[in-house]
Each structure stands twice: as structure tokens, then as C-alpha cells.
Amino acid sequence: MRFSGFALSLLLLAVSNASAADAPAPQWIVVMAPAFRNAVKPLLDHRKAQGFQTTPVLTTDVLSAEEIRAGDGRKLRLHVNKLCRDHDGPSYVLLVGAVWAGRPEEAERTVVPPLDGGVGRMKDQPSDNGYGCLNDDHQPSVPVGRFPARTKEEAQQMVRKTLAYEGDDKPGAWRQRLTILAGVPAYNPLVDRMIEAMAFVRLDRFDPSWTGRVVYSNPQSRFCPPDDELQSVALKYVEDGEAWTLYLGHSNPEGLWGGGAHYLDRHDWSRLKIKRGAGVFATFGCNGCQLVGERGEGYGVAAMRNPDGPVAVIGSHGVCFAAMVQLATDGLVESTFSGKMPERLGASWLAVKAGLAKGKIDDVIFQLLDAVDGDGNIPQATQRLEHLEMFTLLGDPALKLAVTPADLVLKTDDAAPEATLTIHGTAPARLNGGQVHVVVERPVISSPTNLIPLPKELGRERNGVLMRNHDRANRFVLDEGTTTIKDGRFEVKLQLPAKMPWKRLNVRAYAATPTEEALGTLRLDVQAPHQESPHR
């Protein structure tokens, strides 16, 4: 039997649709302490409406009161692991409850016991990692998160925050915005420069669809505000709202480390108010998500409990090492920022774990990082297992991330100093009549051409220069323009500066109507002034 091309296309489409229809629905397992059953119901109904197979589990249906009071979650792990293995499709696990109760008589109603860590420094420390490990290894195949609620009100607030985030369907540029907070490594000049260079290599992998701001508490950095402005600048950026906030640097349970300056502490994270775009906060500082221990709970726990704070938090329960942080951040960058962002947070979370478990690191780099921020008595293999048990997700791993459709198509010539770039674009019909904003930017790892030399003497003049340089370093846009999309097309002319000491530029377009949005990007090579573009 022979098929025409059209008939064959219809047949392949039918087979594809049938395969999609036959694919098993994802499973959402919510493990609840009894006090939070009603608080969780709106989120359970929401996941069901999204097509999940919802599987609610009450702790008291699996564990005895004595086991809950003793913090023994072993039977609960076996039950959750079996539910995941018995399901043909992907599973997501959300634990709703505290890791311990202030009073023993409250434990049965409010606690979802964590598991005991079993490796090195994590031995007998609380860890949710095993709930996602279906085999005997430590790398989870199922993403697991926790709402660390102690009261019904806290559980309701976390549910409400999650629903509000996923329910925000109005166009907003915050979906492609990223804030990076960083602290000076403060090891020694050689290691500090190496760590900073590695950080810039990672930033250079980011897809040009991302925009944002950087705060780096190092006076030698162009991104450093003065000490007395550090907290207010960082707070403003976070409260502006963004898809992701990343922290890279030292910390303790009480907050981010800014040397002698006030950065963001536990009080700040518990009280800040994000206007719109309560995205994901990933901290790679020590004890950011400490669940219990000396100096109290981590600032990441406070951020998650804040009804106006981030919708989810990734962080470490214990003291994390620099080499392992590199592996974890590599996993996050490659999965989430260097290409198309995943649909659900669980994919980003599993990539962090995969980086810790199997990510590659140069032996020389590992030895050097381990010497200044590690422990030479702990083998690399053991460190990986410790950190798999140490890193924690607070939030729902089934969280639907805010992804902007990337269906604007852009064309232009290569960039040259003083040239006028004519950006030609096409857009889908749903955006006709909408406004499109187009920018040409220097790369995030580049320096602006108008930095001011930093005075050596401390004082008002030096602080003023630090602040002006910080603002200029975060001003990546070289030119911008706005126009209206007509019949699926648009055109914008942008002027490039005469001085362009950069090897490439990024063009990004963002289009929006009252109900729809889209973006598109281009990377442009920068030509020397005498060269002619091959596209002309």
C-alpha cells in the first residue's frame, strides 16, 4: 500500500497524538500531617485539574504515633517509594509538615518526619533525600520538596503562594529576569580570582533570553555597592520580583555574609514583600536551608514561610563545600539557564542532584577548592554523597515554572561600531497589535566602557563611585526601541556606540498584548570597523 505525502503526514500525526494520549499522567504524591489536610486541598484540586494523578497520604495512615514522635520515617519512605515504583509515569512528592514539633504532643498532628542522613557529616542529620531514591543509591530519581509548615496558617500561606504564582497568567517581563547575589570568597587573592573567573564562565553560558542584575560584595568588583547600601540594594532587587534569585557565597543560618556589611539576613527574608514574580530562590551558601540545629533554622526556611517571599527555596541543611557547590550550580545552569527552561521545578531540582552525583570536575580544581573550602580528610566520593543528603528543596517540585514562549523570530546584520542595526522580526498571529520592545545588550560578563576609577581613600567620594559603577555595570542595554506588531511583522532600528570592545552582543525582543507574550533572541558577532558583514 502506498501513501501520498499528505496522507502519510496525517497518519504520523495520528500516531503521535495517540502516543501522547496513551502516555501515563504524572503522579503528584502529597504526604500530609493531619493538621494540614484541609489546607492542602486547594492545591490538590489544582494539580488534579492540571492532569496529575493525585495521591494524598496521611502520615498517621502509615506511621504510628510513637514513630512520628521519634522522628522515624522509614516506613513512610518505603510507602512513598512503592507508590513511585508502581506508577508508570513520572512522580512528584510534596511533604507538608514540620520536621519536628515544639511540644511532643503536637508531633502526630504537625510533623512529617525527615529521614536520617547516613553519610559522613550528614549521619543522623535530617534529610528528605531518601524519599526520592527508589534504589539503594543516593541520587534521587523522583523530585521531593517540603512545605515546612508548623501551623495550619503557614500551610495555607504556602499553598496560596504556589497557586498565586501559577495563576499569574498576565504578561510580565519578570519571567525572564534573574537576580544574582554574591559574596566575596575571601580565601586568598589567587583563589578568589579563580572562583570569580569560574563564575563568569557559568554566566557566559546563560541563554540571551535572560536579563537581570548582579550584586557582588567585593569592593574590587564593578557590581559592588557601598557597604551601607548593600542590604537596601539587594532587598530592592529581590522585592522587584524575578523568576530566579541565586546566591553564591558564604552564609550561616542567620543570613548571607557581606564581610562587615549587612547583607540579607533571616529577618529580611522573613519580612520582605515581593511585588510580583515570587520566583525560586536558590542559595549555595552554608546552612541556608538548615532544618534544625545550632543557631536555629536557616534563612531559606524563613523565606519559604514568608507569605510574600519566594515560592520555593533550594539550599543546604549543613556546611557545604566549594567544589560541591560548583557541581550543584553546574547542574542548575545547564538544565535551566543555558537553553529552554523546564516546565516544572522538579526537573531543575533533579539536575542539581545529578550535578552533585555525577557532574565532572577537574582534579586540580577540586584539590585547590577543597584545600581552601573543604576537608582533605573527606574523599570526593563521600563529599558527593554528603551533599546529596544535605541539599533540600522547600516548595512543591511540581511547581509550574513561569516560561515565556520563545516564538519571535529575529534577523539582522552583524554588529559593527557606530552601525545602525535594523532588526526585522516576525511574530505569531496572537500578538498582532501588541507592543514589542527590542534591546541590544553587551554580555553580562563584559564591563561597561564608562566605569570610574575607584578612589583609594575610604569615605563619601569612594562610596559614591562604588554606587555609580554598580549602576553602570548593571546597565547592559546599549540601545532600545519599541514598535507595534502589524500583520505578524515588526522592524526596529537600534544605534550601536562607537566604542565596542566586546566580541559579541545580544539582541532580545519581548512582545506583549494584554493577554499574550513572547520573546526572541539573537547573538551577534562584533565586527572590526573595517570589516564588511557577509550578510549585506
# chains A, B, ... in the order shown; residues from 1 in each chain; ligands from 1
>>> select_by_dssp(residues="range 167-251 of chain A", states="helix (DSSP H, G or I)", output="PyMOL selection string")
chain A and resi 167+173-176+189-203+227-240
>>> write_last_selection(atoms="C-alpha atoms", output="short mmCIF file (atom, residue, chain, number, x, y, z; two decimals), in the first residue's frame")
data_model
loop_
_atom_site.label_atom_id
_atom_site.label_comp_id
_atom_site.auth_asym_id
_atom_site.auth_seq_id
_atom_site.Cartn_x
_atom_site.Cartn_y
_atom_site.Cartn_z
CA GLY A 167 -2.20 31.53 38.37
CA ALA A 173 8.99 40.72 31.88
CA TRP A 174 9.83 39.31 35.34
CA ARG A 175 9.57 35.79 33.88
CA GLN A 176 12.95 36.22 32.18
CA PRO A 189 43.69 36.70 46.06
CA LEU A 190 44.66 33.80 43.76
CA VAL A 191 41.75 31.55 44.73
CA ASP A 192 39.30 34.44 44.78
CA ARG A 193 40.23 35.35 41.20
CA MET A 194 39.92 31.72 40.12
CA ILE A 195 36.46 31.35 41.68
CA GLU A 196 35.31 34.61 40.14
CA ALA A 197 36.61 33.51 36.72
CA MET A 198 34.70 30.22 37.02
CA ALA A 199 31.56 32.12 37.97
CA PHE A 200 31.86 34.30 34.87
CA VAL A 201 32.29 31.20 32.70
CA ARG A 202 28.96 29.95 34.04
CA LEU A 203 27.29 33.31 33.49
CA ASP A 227 28.67 48.68 52.42
CA ASP A 228 25.92 50.91 53.74
CA GLU A 229 23.86 50.32 50.56
CA LEU A 230 24.41 46.55 50.24
CA GLN A 231 21.30 45.45 52.13
CA SER A 232 18.96 48.03 50.62
CA VAL A 233 20.11 47.37 47.03
CA ALA A 234 19.83 43.58 47.40
CA LEU A 235 16.45 43.91 49.09
CA LYS A 236 15.10 46.16 46.33
CA TYR A 237 16.20 43.76 43.59
CA VAL A 238 14.57 40.77 45.28
CA GLU A 239 11.37 42.67 46.02
CA ASP A 240 11.12 43.79 42.37
#
>>> residues_around(residues="Val403 in chain A", least_positions_apart="3", cutoff="10 Å", atoms="only C-alpha atoms", output="PyMOL selection string")
chain A and resi 175-176+243+340-344+400+406+518
>>> select_by_dssp(residues="range 349-465 of chain A", states="strand (DSSP E or B)", output="PyMOL selection string")
chain A and resi 391-394+400+409-411+415+420-426+435-441
>>> closest_atom_pairs(of="range 288-325 of chain A", to="range 377-384 of chain A", cutoff="10 Å", atoms="only C-alpha atoms", output="CSV")
residue,atom,partner,partner_atom,distance
A:Cys320,CA,A:Gln383,CA,9.1
A:Phe321,CA,A:Gln383,CA,8.3
A:Ala323,CA,A:Gln380,CA,9.1
A:Met324,CA,A:Arg384,CA,6.8
>>> residues_around(residues="range 313-319 of chain A", least_positions_apart="5", cutoff="8 Å", atoms="only C-alpha atoms", output="mmCIF file with C-alpha atoms, in the first residue's frame")
data_model
loop_
_atom_site.group_PDB
_atom_site.id
_atom_site.type_symbol
_atom_site.label_atom_id
_atom_site.label_comp_id
_atom_site.auth_asym_id
_atom_site.auth_seq_id
_atom_site.Cartn_x
_atom_site.Cartn_y
_atom_site.Cartn_z
ATOM 1 C CA MET A 122 25.154 14.085 57.475
ATOM 2 C CA VAL A 280 12.587 30.463 43.105
ATOM 3 C CA PHE A 281 15.429 31.343 45.490
ATOM 4 C CA ALA A 282 18.460 29.047 45.164
ATOM 5 C CA THR A 283 21.160 29.626 47.753
ATOM 6 C CA PHE A 284 24.511 27.874 47.613
ATOM 7 C CA GLY A 285 25.738 29.215 50.936
ATOM 8 C CA CYS A 286 26.198 27.095 54.043
ATOM 9 C CA ASN A 287 23.149 26.287 56.191
ATOM 10 C CA GLY A 288 20.755 28.283 54.017
ATOM 11 C CA CYS A 289 18.043 25.643 54.441
ATOM 12 C CA GLN A 290 19.088 24.336 57.847
ATOM 13 C CA LEU A 291 16.034 22.477 59.122
ATOM 14 C CA GLY A 298 18.177 28.723 58.050
ATOM 15 C CA GLY A 300 15.834 29.884 53.445
ATOM 16 C CA VAL A 301 13.247 28.350 55.775
ATOM 17 C CA ALA A 303 11.956 32.892 53.205
ATOM 18 C CA MET A 304 9.720 29.927 52.408
ATOM 19 C CA HIS A 387 25.839 16.894 49.725
ATOM 20 C CA MET A 390 22.398 17.886 52.517
ATOM 21 C CA PHE A 391 20.707 19.862 49.731
ATOM 22 C CA THR A 392 16.999 20.416 50.290
ATOM 23 C CA LEU A 393 14.049 21.720 48.289
ATOM 24 C CA LEU A 394 11.450 23.759 50.164
ATOM 25 C CA GLY A 395 8.449 24.058 47.888
#
>>> atom_distance(atom1="CA of Phe52 in chain A", atom2="CA of Lys275 in chain A")
29.8 Å
>>> residues_around(residues="Pro171 in chain A", least_positions_apart="6", cutoff="8 Å", atoms="only C-alpha atoms", output="short mmCIF file (atom, residue, chain, number, x, y, z; two decimals) with C-alpha atoms, in the first residue's frame")
data_model
loop_
_atom_site.label_atom_id
_atom_site.label_comp_id
_atom_site.auth_asym_id
_atom_site.auth_seq_id
_atom_site.Cartn_x
_atom_site.Cartn_y
_atom_site.Cartn_z
CA ALA A 512 3.07 41.58 24.78
CA THR A 513 -0.64 42.19 24.44
CA PRO A 514 -2.94 42.40 27.48
CA THR A 515 -3.18 38.58 27.46
CA GLU A 516 -0.26 37.18 25.41
CA GLU A 517 3.52 37.46 25.39
#
>>> closest_residue(among="A:Pro501, A:Asp124, A:Val292, A:Gly346", to="Pro26 in chain A", atoms="only C-alpha atoms")
A:Gly346
